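Here is the structure we will look at, set down as structure tokens.
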Amino acid sequence: MTSQSPSLSRILVRDCMHHGMLSCGPDDSLRDVAAVMANHRVHAVLISDRPGGRPLGVVNHLDVAAAVARGEAEATARSTSHREPVTVSSDAPLQEAARLMSEHRVSHLLVVEGASGYPAGVLSTLDVARAYARR
């Protein structure tokens, strides 16, 4: 082990992100969203107004657990997600993405294309950890 810490400022988000993101509609049942998470082994699903449409929010695994704990049998994606998606440009340094995650206390960022702002994928804390461990 070295005492020097790897610099994430030279690694770009696009080099570590997962391209594409599963999505659901705002009125989809949380049970269906949870099934998508379980079947695809992901921790977050984008809420959008239509397939490929404007991002409205993100439902993550902790949102599902909280709804289950509260006994919300009829929860929807919209009622469960209490935040706007935090976004980062695919051209941003990974260190900036890590700062955003820490500042907003989120485990997933919606990655958008720098020029268009169009959703391109997702970056998770595990992606940051993987890059950090490899450098």
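By order in the structure tokens, chains are A, B, ...; within a chain, residues start at 1; ligands start at 1, following the order shown.
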May I have a table of the residues of region 84-114 of chain A lying at most 12 Å from region 49-69 of chain A, giving each one's closest pair of atoms and their distance in Å to one decimal, counting only C-alpha atoms, ordered by chain and ascending residue number, as a tab-separated table?
residue	atom	partner	partner_atom	distance
A:Glu84	CA	A:Gly57	CA	4.8
A:Pro85	CA	A:Gly57	CA	4.9
A:Val86	CA	A:Gly57	CA	8.6
A:Thr87	CA	A:Pro55	CA	10.0
A:Val106	CA	A:Asn60	CA	9.4
A:Ser107	CA	A:Asn60	CA	8.5
A:His108	CA	A:Asn60	CA	8.2
A:Leu109	CA	A:Val58	CA	9.2
A:Leu110	CA	A:Val58	CA	8.5
A:Val111	CA	A:Pro55	CA	11.1
A:Val112	CA	A:Pro55	CA	10.5
Deliver the residues from the most recent selection as a file, using N, CA and C atoms, as an mmCIF file, in the first residue's frame.
data_model
loop_
_atom_site.group_PDB
_atom_site.id
_atom_site.type_symbol
_atom_site.label_atom_id
_atom_site.label_comp_id
_atom_site.auth_asym_id
_atom_site.auth_seq_id
_atom_site.Cartn_x
_atom_site.Cartn_y
_atom_site.Cartn_z
ATOM 1 N N GLU A 84 -35.125 15.911 -6.578
ATOM 2 C CA GLU A 84 -34.793 16.046 -7.995
ATOM 3 C C GLU A 84 -33.515 15.258 -8.229
ATOM 4 N N PRO A 85 -33.329 14.720 -9.424
ATOM 5 C CA PRO A 85 -32.076 14.004 -9.664
ATOM 6 C C PRO A 85 -30.889 14.970 -9.639
ATOM 7 N N VAL A 86 -29.829 14.569 -8.975
ATOM 8 C CA VAL A 86 -28.593 15.347 -8.983
ATOM 9 C C VAL A 86 -27.839 14.912 -10.235
ATOM 10 N N THR A 87 -27.441 15.868 -11.047
ATOM 11 C CA THR A 87 -26.799 15.543 -12.318
ATOM 12 C C THR A 87 -25.339 15.962 -12.332
ATOM 13 N N VAL A 106 -26.156 11.638 -1.771
ATOM 14 C CA VAL A 106 -26.798 10.686 -2.678
ATOM 15 C C VAL A 106 -25.776 9.626 -3.102
ATOM 16 N N SER A 107 -26.288 8.466 -3.448
ATOM 17 C CA SER A 107 -25.405 7.383 -3.870
ATOM 18 C C SER A 107 -25.372 7.206 -5.382
ATOM 19 N N HIS A 108 -26.205 7.958 -6.099
ATOM 20 C CA HIS A 108 -26.254 7.865 -7.559
ATOM 21 C C HIS A 108 -26.407 9.259 -8.160
ATOM 22 N N LEU A 109 -25.686 9.493 -9.236
ATOM 23 C CA LEU A 109 -25.834 10.733 -9.999
ATOM 24 C C LEU A 109 -26.341 10.387 -11.386
ATOM 25 N N LEU A 110 -27.238 11.208 -11.901
ATOM 26 C CA LEU A 110 -27.668 11.088 -13.283
ATOM 27 C C LEU A 110 -26.602 11.761 -14.132
ATOM 28 N N VAL A 111 -26.022 11.025 -15.056
ATOM 29 C CA VAL A 111 -24.981 11.569 -15.925
ATOM 30 C C VAL A 111 -25.645 12.107 -17.188
ATOM 31 N N VAL A 112 -25.313 13.348 -17.515
ATOM 32 C CA VAL A 112 -25.866 13.969 -18.717
ATOM 33 C C VAL A 112 -24.733 14.299 -19.677
#
For this session: Could you find all residues in region 11-135 of chain A that DSSP calls helix (DSSP H, G or I) from the backbone, and write them as a ChimeraX atom specification?
Result: /A:13-15,30-40,61-70,77-80,94-104,125-134
Exercise. Taking into account only C-alpha atoms, which residue in the set A:Glu74, A:Glu113, A:Asp28, A:Glu103 is nearest to Leu46 (chain A)?
Worked result: A:Asp28
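Comparing A:Ala115, A:Val33, A:Val88, A:Ala97 by their smallest distance to Ala129 (chain A), the closest is A:Ala97 (using only C-alpha atoms).
Interatomic distance, CA of Met37 (chain A) to CA of His18 (chain A): 14.9 Å.
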Problem set entry | Length of the CA of Pro93 (chain A) to CA of Val42 (chain A) vector [Å] | 23.6 Å
Problem set entry | Interatomic distance, CA of Val128 (chain A) to CA of Pro26 (chain A) (Å, one decimal) | 28.4 Å
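Close contacts of Ser23 (chain A), defined as residues with an atom at most 8 Å away when counting only C-alpha atoms, with chain neighbours fewer than 2 positions off set aside, comprise A:Met21, A:Gly25, A:Val45, A:Leu46, A:Ile47, A:Ser48, A:Pro51.
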